[in-house]
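Trainee: Below is the file entry-v1.txt, with compact mmCIF, C-alpha atoms.
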# COMPACT_ATOMS: atom_id res chain seq x y z
CA MET A 1 -28.17 36.28 10.80
CA ASP A 2 -24.59 34.99 10.96
CA THR A 3 -25.39 33.20 14.22
CA ASN A 4 -28.31 31.37 12.60
CA VAL A 5 -26.15 30.30 9.67
CA THR A 6 -23.48 28.96 12.05
CA GLN A 7 -26.04 27.04 14.08
CA THR A 8 -27.54 25.56 10.91
CA SER A 9 -24.08 24.46 9.73
CA GLN A 10 -23.43 22.81 13.06
CA ARG A 11 -26.70 20.91 12.91
CA VAL A 12 -26.01 19.43 9.47
CA LEU A 13 -22.37 18.61 10.20
CA GLN A 14 -22.01 14.85 9.76
CA PRO A 15 -20.35 12.80 12.55
CA ARG A 16 -17.01 11.09 11.96
CA LEU A 17 -18.40 7.54 12.16
CA PHE A 18 -14.76 6.48 12.41
CA TRP A 19 -15.23 2.96 13.78
CA ARG A 20 -18.17 2.21 11.48
CA ARG A 21 -16.20 3.34 8.46
CA ALA A 22 -13.07 1.48 9.59
CA PHE A 23 -14.83 -1.86 10.16
CA ALA A 24 -16.84 -1.48 6.96
CA TYR A 25 -13.59 -0.88 5.06
CA LEU A 26 -11.96 -3.99 6.54
CA ILE A 27 -14.98 -6.14 5.62
CA ASP A 28 -15.09 -4.80 2.08
CA MET A 29 -11.33 -5.03 1.51
CA THR A 30 -11.37 -8.62 2.72
CA ILE A 31 -14.06 -9.47 0.17
CA PHE A 32 -12.36 -7.59 -2.66
CA GLU A 33 -8.92 -9.05 -1.94
CA ILE A 34 -10.33 -12.57 -1.87
CA SER A 35 -11.87 -11.81 -5.28
CA LEU A 36 -8.50 -10.56 -6.55
CA ALA A 37 -6.80 -13.69 -5.23
CA VAL A 38 -9.20 -15.86 -7.20
CA LEU A 39 -8.71 -13.63 -10.27
CA ALA A 40 -4.93 -14.03 -9.91
CA LEU A 41 -5.38 -17.77 -10.46
CA ILE A 42 -6.74 -16.95 -13.92
CA ILE A 43 -4.71 -13.87 -14.84
CA PRO A 44 -0.95 -14.11 -14.13
CA LEU A 45 -0.69 -10.86 -12.18
CA ASN A 46 0.52 -10.27 -8.65
CA PHE A 47 -1.97 -7.82 -7.16
CA ALA A 48 0.08 -7.50 -3.94
CA MET A 49 -2.78 -8.05 -1.49
CA PRO A 50 -1.51 -6.87 1.92
CA LEU A 51 -4.34 -8.39 4.00
CA PHE A 52 -3.51 -11.90 2.79
CA GLN A 53 0.24 -11.68 2.32
CA SER A 54 2.67 -13.03 4.86
CA THR A 55 6.46 -12.90 4.75
CA GLN A 56 8.77 -15.14 6.76
CA CYS A 57 12.52 -14.65 6.61
CA GLU A 58 15.35 -16.74 8.01
CA GLU A 59 19.07 -16.10 8.15
CA LEU A 60 21.23 -17.59 5.43
CA THR A 61 24.85 -18.17 6.46
CA SER A 62 26.21 -20.13 3.51
CA GLY A 63 25.54 -21.02 -0.11
CA PRO A 64 26.35 -19.76 -3.62
CA LEU A 65 24.43 -16.49 -3.21
CA VAL A 66 26.12 -15.68 0.09
CA GLU A 67 29.52 -16.38 -1.41
CA LYS A 68 28.71 -14.27 -4.45
CA VAL A 69 27.63 -11.26 -2.39
CA GLU A 70 30.59 -11.50 0.00
CA ARG A 71 33.01 -11.79 -2.93
CA GLN A 72 31.60 -8.87 -4.93
CA TRP A 73 30.61 -6.71 -1.96
CA PRO A 74 33.33 -7.00 0.71
CA LEU A 75 32.61 -5.32 4.02
CA LYS A 76 34.42 -2.18 5.11
CA PRO A 77 35.36 -1.32 8.71
CA GLY A 78 32.26 -0.57 10.75
CA GLU A 79 29.93 -2.55 8.46
CA THR A 80 27.91 -5.69 9.21
CA ARG A 81 25.93 -7.88 6.84
CA ALA A 82 22.71 -9.88 7.16
CA ASN A 83 21.73 -12.42 4.49
CA GLU A 84 18.18 -13.76 4.41
CA ILE A 85 15.90 -16.06 2.46
CA CYS A 86 12.32 -14.79 2.59
CA GLN A 87 9.22 -16.80 1.76
CA ILE A 88 6.27 -14.68 0.62
CA THR A 89 2.92 -16.48 0.80
CA GLU A 90 -0.19 -15.13 -0.88
CA PHE A 91 -3.81 -16.11 -0.36
CA LEU A 92 -4.75 -19.60 -1.59
CA GLY A 93 -1.20 -20.83 -0.99
CA THR A 94 0.64 -19.11 -3.86
CA SER A 95 4.19 -18.46 -2.70
CA SER A 96 7.48 -17.07 -3.90
CA SER A 97 10.91 -16.62 -2.40
CA LEU A 98 13.66 -14.03 -2.56
CA PHE A 99 17.22 -13.58 -1.39
CA ARG A 100 18.10 -10.37 0.43
CA SER A 101 21.45 -9.08 1.60
CA THR A 102 21.59 -5.97 3.79
CA VAL A 103 24.72 -4.13 4.89
CA LEU A 104 24.47 -1.88 7.93
CA THR A 105 26.90 0.97 8.45
CA GLY A 106 26.81 2.47 11.91
CA ASN A 107 28.41 3.38 15.16
CA SER A 108 28.43 0.65 17.77
CA ASN A 109 28.22 3.38 20.41
CA GLY A 110 24.76 4.44 19.36
CA GLY A 111 25.63 6.75 16.47
CA PRO A 112 23.64 7.11 13.24
CA VAL A 113 23.03 3.94 11.25
CA SER A 114 22.50 3.65 7.50
CA TRP A 115 21.75 0.62 5.40
CA ARG A 116 21.97 -0.62 1.82
CA SER A 117 20.22 -3.68 0.55
CA VAL A 118 19.93 -5.85 -2.53
CA SER A 119 17.23 -8.43 -3.16
CA VAL A 120 16.43 -10.78 -6.01
CA PRO A 121 13.58 -13.26 -6.58
CA LEU A 122 14.46 -16.95 -6.70
CA ASP A 123 13.14 -19.76 -8.84
CA GLN A 124 12.04 -23.14 -7.50
CA ASN A 125 15.66 -24.34 -7.47
CA GLY A 126 16.84 -21.36 -5.42
CA ALA A 127 18.61 -19.68 -8.35
CA PRO A 128 18.26 -15.91 -8.87
CA VAL A 129 15.72 -14.82 -11.47
CA ASP A 130 16.87 -11.84 -13.54
CA GLY A 131 14.78 -9.56 -15.72
CA ILE A 132 11.38 -10.40 -14.23
CA ALA A 133 9.18 -7.87 -12.49
CA ASP A 134 5.48 -7.34 -12.05
CA PRO A 135 5.01 -3.56 -11.91
CA ILE A 136 1.51 -3.67 -13.39
CA GLY A 137 -0.25 -6.03 -10.98
CA PRO A 138 -0.42 -3.75 -7.90
CA LEU A 139 -1.62 -0.78 -9.97
CA VAL A 140 -4.28 -2.88 -11.69
CA GLY A 141 -5.32 -4.18 -8.27
CA VAL A 142 -5.84 -0.65 -6.90
CA VAL A 143 -7.89 0.37 -9.94
CA LEU A 144 -10.05 -2.77 -9.72
CA VAL A 145 -10.69 -2.19 -6.01
CA SER A 146 -11.60 1.44 -6.77
CA LEU A 147 -14.02 0.30 -9.45
CA ALA A 148 -15.59 -2.21 -7.08
CA PHE A 149 -16.03 0.38 -4.31
CA ALA A 150 -17.46 2.86 -6.81
CA TYR A 151 -19.93 0.36 -8.27
CA PHE A 152 -21.28 -0.59 -4.84
CA SER A 153 -21.43 3.03 -3.69
CA ALA A 154 -23.32 4.42 -6.71
CA ASN A 155 -26.96 4.49 -7.77
CA GLY A 156 -28.44 3.46 -4.43
CA ARG A 157 -26.13 0.47 -3.82
CA ARG A 158 -23.94 -0.24 -0.82
CA THR A 159 -21.01 -2.49 -0.13
CA LEU A 160 -21.65 -5.34 2.28
CA GLY A 161 -19.48 -3.68 4.92
CA LYS A 162 -21.42 -0.42 4.74
CA LYS A 163 -24.70 -2.31 4.85
CA ILE A 164 -23.68 -4.26 7.96
CA LEU A 165 -22.44 -1.06 9.68
CA SER A 166 -25.52 0.95 8.55
CA ILE A 167 -23.72 3.67 6.62
CA ARG A 168 -23.76 4.80 3.01
CA VAL A 169 -22.08 7.27 0.65
CA VAL A 170 -24.35 10.12 -0.46
CA THR A 171 -23.96 13.52 -2.05
CA VAL A 172 -24.16 16.61 0.14
CA ASP A 173 -27.81 16.86 -0.97
CA GLY A 174 -28.52 13.39 0.38
CA ALA A 175 -28.85 11.70 -3.01
CA SER A 176 -26.99 8.61 -4.14
CA PRO A 177 -23.96 9.52 -6.30
CA HIS A 178 -23.80 8.37 -9.90
CA PHE A 179 -21.01 6.00 -10.91
CA GLY A 180 -18.71 8.69 -12.32
CA LYS A 181 -18.79 10.70 -9.09
CA ALA A 182 -18.36 7.57 -6.96
CA PHE A 183 -15.39 6.40 -9.05
CA LYS A 184 -13.74 9.83 -8.81
CA ARG A 185 -14.22 9.69 -5.03
CA GLU A 186 -12.56 6.28 -4.79
CA LEU A 187 -9.60 7.27 -6.94
CA LEU A 188 -9.07 10.34 -4.76
CA LYS A 189 -9.45 8.21 -1.63
CA PHE A 190 -6.68 5.86 -2.74
CA LEU A 191 -4.61 8.67 -4.32
CA PRO A 192 -1.59 8.44 -1.94
CA PHE A 193 -1.52 4.65 -2.31
CA ILE A 194 -1.81 4.93 -6.12
CA ALA A 195 1.16 7.34 -6.09
CA LEU A 196 3.23 4.95 -3.97
CA VAL A 197 2.34 2.00 -6.21
CA GLY A 198 3.31 4.06 -9.24
CA ILE A 199 6.71 4.87 -7.74
CA ASP A 200 7.23 1.23 -6.77
CA SER A 201 6.31 0.22 -10.34
CA VAL A 202 8.99 2.48 -11.79
CA VAL A 203 11.53 1.03 -9.34
CA ALA A 204 10.43 -2.50 -10.24
CA VAL A 205 10.79 -1.84 -13.97
CA THR A 206 14.26 -0.39 -13.45
CA ALA A 207 15.31 -3.34 -11.29
CA SER A 208 13.96 -5.81 -13.84
CA TRP A 209 16.52 -4.54 -16.36
CA GLN A 210 19.39 -5.44 -14.02
CA ASN A 211 20.87 -8.77 -13.10
CA LEU A 212 22.15 -9.65 -9.64
CA ASP A 213 25.69 -8.56 -10.47
CA SER A 214 24.47 -5.09 -11.46
CA MET A 215 22.31 -4.76 -8.35
CA ILE A 216 25.21 -5.76 -6.10
CA GLN A 217 27.43 -3.16 -7.77
CA ILE A 218 24.82 -0.41 -7.33
CA ALA A 219 24.27 -1.29 -3.66
CA ARG A 220 28.00 -1.63 -3.00
CA ASP A 221 28.88 1.74 -4.56
CA GLY A 222 25.93 3.55 -3.01
CA THR A 223 26.60 6.31 -0.52
CA VAL A 224 25.22 7.05 2.91
CA ALA A 225 23.34 9.93 1.33
CA THR A 226 21.48 7.44 -0.88
CA SER A 227 20.19 5.63 2.19
CA ILE A 228 19.22 8.91 3.82
CA TYR A 229 17.28 9.96 0.73
CA ALA A 230 15.48 6.60 0.72
CA LEU A 231 14.56 6.96 4.39
CA ALA A 232 13.43 10.55 3.85
CA GLY A 233 11.29 9.46 0.89
CA GLY A 234 9.63 6.79 2.99
CA PHE A 235 9.05 9.26 5.83
CA PHE A 236 7.40 11.88 3.62
CA ALA A 237 5.32 9.24 1.85
CA THR A 238 4.04 7.99 5.21
CA LEU A 239 3.40 11.57 6.31
CA ALA A 240 1.38 12.21 3.15
CA LEU A 241 -0.75 9.14 3.87
CA LEU A 242 -1.41 10.28 7.43
CA LEU A 243 -2.29 13.82 6.36
CA TRP A 244 -4.64 12.64 3.60
CA TRP A 245 -6.46 9.98 5.61
CA PHE A 246 -6.26 11.10 9.25
CA LEU A 247 -5.88 14.90 9.35
CA PRO A 248 -9.54 15.45 8.33
CA LEU A 249 -10.63 13.15 11.17
CA ILE A 250 -8.69 15.26 13.67
CA SER A 251 -9.84 18.64 12.35
CA TRP A 252 -13.30 17.42 11.46
CA ARG A 253 -15.56 19.43 9.18
CA GLY A 254 -17.98 16.69 8.28
CA GLN A 255 -16.08 15.30 5.28
CA MET A 256 -12.80 13.74 4.29
CA PHE A 257 -10.68 15.58 1.72
CA TYR A 258 -11.87 13.31 -1.09
CA ASP A 259 -15.48 13.81 0.02
CA ARG A 260 -15.14 17.58 -0.23
CA LEU A 261 -13.56 17.36 -3.68
CA THR A 262 -16.43 15.23 -4.97
CA GLY A 263 -19.32 16.73 -3.01
CA CYS A 264 -19.99 13.53 -1.05
CA GLU A 265 -20.21 12.45 2.57
CA VAL A 266 -20.84 9.31 4.60
CA ARG A 267 -24.03 9.16 6.62
CA ARG A 268 -25.50 6.71 9.04
CA THR A 269 -28.72 5.14 7.83
CA ARG A 270 -31.74 4.21 9.85
CA SER A 271 -32.35 0.52 10.56
CA ASN A 272 -35.32 0.54 8.20
CA GLY A 273 -33.58 2.65 5.62
CA GLY A 274 -32.25 -0.29 3.58
How does this structure look as structure tokens?

Mentor:
Amino acid sequence: MDTNVTQTSQRVLQPRLFWRRAFAYLIDMTIFEISLAVLALIIPLNFAMPLFQSTQCEELTSGPLVEKVERQWPLKPGETRANEICQITEFLGTSSSLFRSTVLTGNSNGGPVSWRSVSVPLDQNGAPVDGIADPIGPLVGVVLVSLAFAYFSANGRRTLGKKILSIRVVTVDGASPHFGKAFKRELLKFLPFIALVGIDSVVAVTASWQNLDSMIQIARDGTVATSIYALAGGFFATLALLLWWFLPLISWRGQMFYDRLTGCEVRRTRSNGG
């Protein structure tokens, strides 16, 4: 009896469909991020769209900001500094610039290296802009994308990417999920990213209360341990993303974690299945 149950479970186990899901996701995210870019022209929010954002930085060797940083943050033995002006370009040509100064502390003989950095957005004249941050835009962007995915995954619908790649989201019984279930699935799917955006939002709000002088002081008086904690935080955040999104694909049981929690799965559809 147990053997029959095991064989039945193996027969209904859904394949990974990794490449189909990956290409469908890229198609859909491209469409949704273009939509957010157009929406950003109407609503003054920076949705932080990674697929359409490019950053180009060049070294800055002189100027008022360089002089200010070097005066208020003198280097200690064993430290080196890099000053940069970065141009961030969004989709449809919207751009902004920031000044960044990074101090590296390390052993020239290959020992451990730590870093501390301060950055500030610049206005059109190249002057630092204090007290301005957009912590809400990225979080709103994630929620809107989740809503869009949920809408096109519920009640018999499919996103364009899933339609092109002949896959769809269904419940474990093979039915189309209702909107509430589909939205819960999308929120759980983007859960690690939502957590990271939330942390970044808190950091952005805190930074927006500080002017450049305050940020230079904090970076200057920071310890090596502060840099280590920042690196460790980034490492564990990346590890959480990998575990949430890729561990189920390695130890495959027919569903991603968020599929199991919502009773859904992704199946390949027949060519005449719509």

Trainee: Near Val129 in chain A, within 9 Å and counting only C-alpha atoms, which residues show up once chain neighbours fewer than 3 positions away are dropped, as a PyMOL selection string?

Mentor: chain A and resi 120-123+126+132+211-212

Trainee: Hey, can you check how far CA of Val145 in chain A sits from CA of Thr238 in chain A?

Mentor: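 A separation of 21.1 Å between them.
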
Trainee: What is the CA of Thr89 in chain A to CA of Ile218 in chain A distance in Å?

Mentor: 28.4 Å

Trainee: Show me, as an NGL selection string, the residues that have an atom within 8 Å of range 147-150 of chain A when counting only C-alpha atoms, minus same-chain residues fewer than 5 positions from it.

Mentor: :A and (32 or 159 or 179 or 182-183 or 185-186)

Trainee: In terms of the shortest atom-to-atom distance over only C-alpha atoms, which of A:Thr61, A:Ser117, A:Thr80, A:Ser251 is closest to Thr105 in chain A?

Mentor: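 So, comparing all the options, the nearest one is A:Thr80.
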
Trainee: Work out how far CA of Trp252 in chain A is from CA of Leu165 in chain A, in Å to one decimal.

Mentor: 20.7 Å

Trainee: Using only C-alpha atoms, which residue out of A:Glu59, A:Glu84, A:Asp28, A:Glu33 lies closest to Pro138 in chain A?

Mentor: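 Closest to Pro138 in chain A of all the choices is A:Glu33.
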
Trainee: Using all atoms listed in the file, which of A:Glu90, A:Glu79, A:Asp221, A:Glu265 sits nearest Ser176 in chain A?

Mentor: A:Glu265

Trainee: Take every atom of range 26-34 of chain A listed in the file, pad by 4 Å on each side, and give me the axis-aligned box centre and edge lengths in Å, one decimal, as AutoDock Vina command-line options.

Mentor:
--center_x -12.0 --center_y -8.3 --center_z 1.9 --size_x 14.2 --size_y 16.6 --size_z 17.2

Trainee: Which residue out of A:Val140, A:Pro177, A:Leu26, A:Ser214 has the minimum interatomic distance to Arg158 in chain A when all atoms listed in the file are used?

Mentor: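 Closest candidate: A:Pro177.
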
Trainee: Counting all atoms listed in the file, I want the residues whose atoms come within 12 Å of (-11.9, -9.2, -0.7) in the file frame, returned as a count of residues only.

Mentor: 30

Trainee: Give me the residues near Ser119 in chain A as a VMD selection string, where near means some atom within 10 Å (using all atoms listed in the file) and where sequence neighbours in that chain fewer than 3 positions away do not count.

Mentor: chain A and resid 83 to 86 98 to 102 122 128 207 212 215 to 216
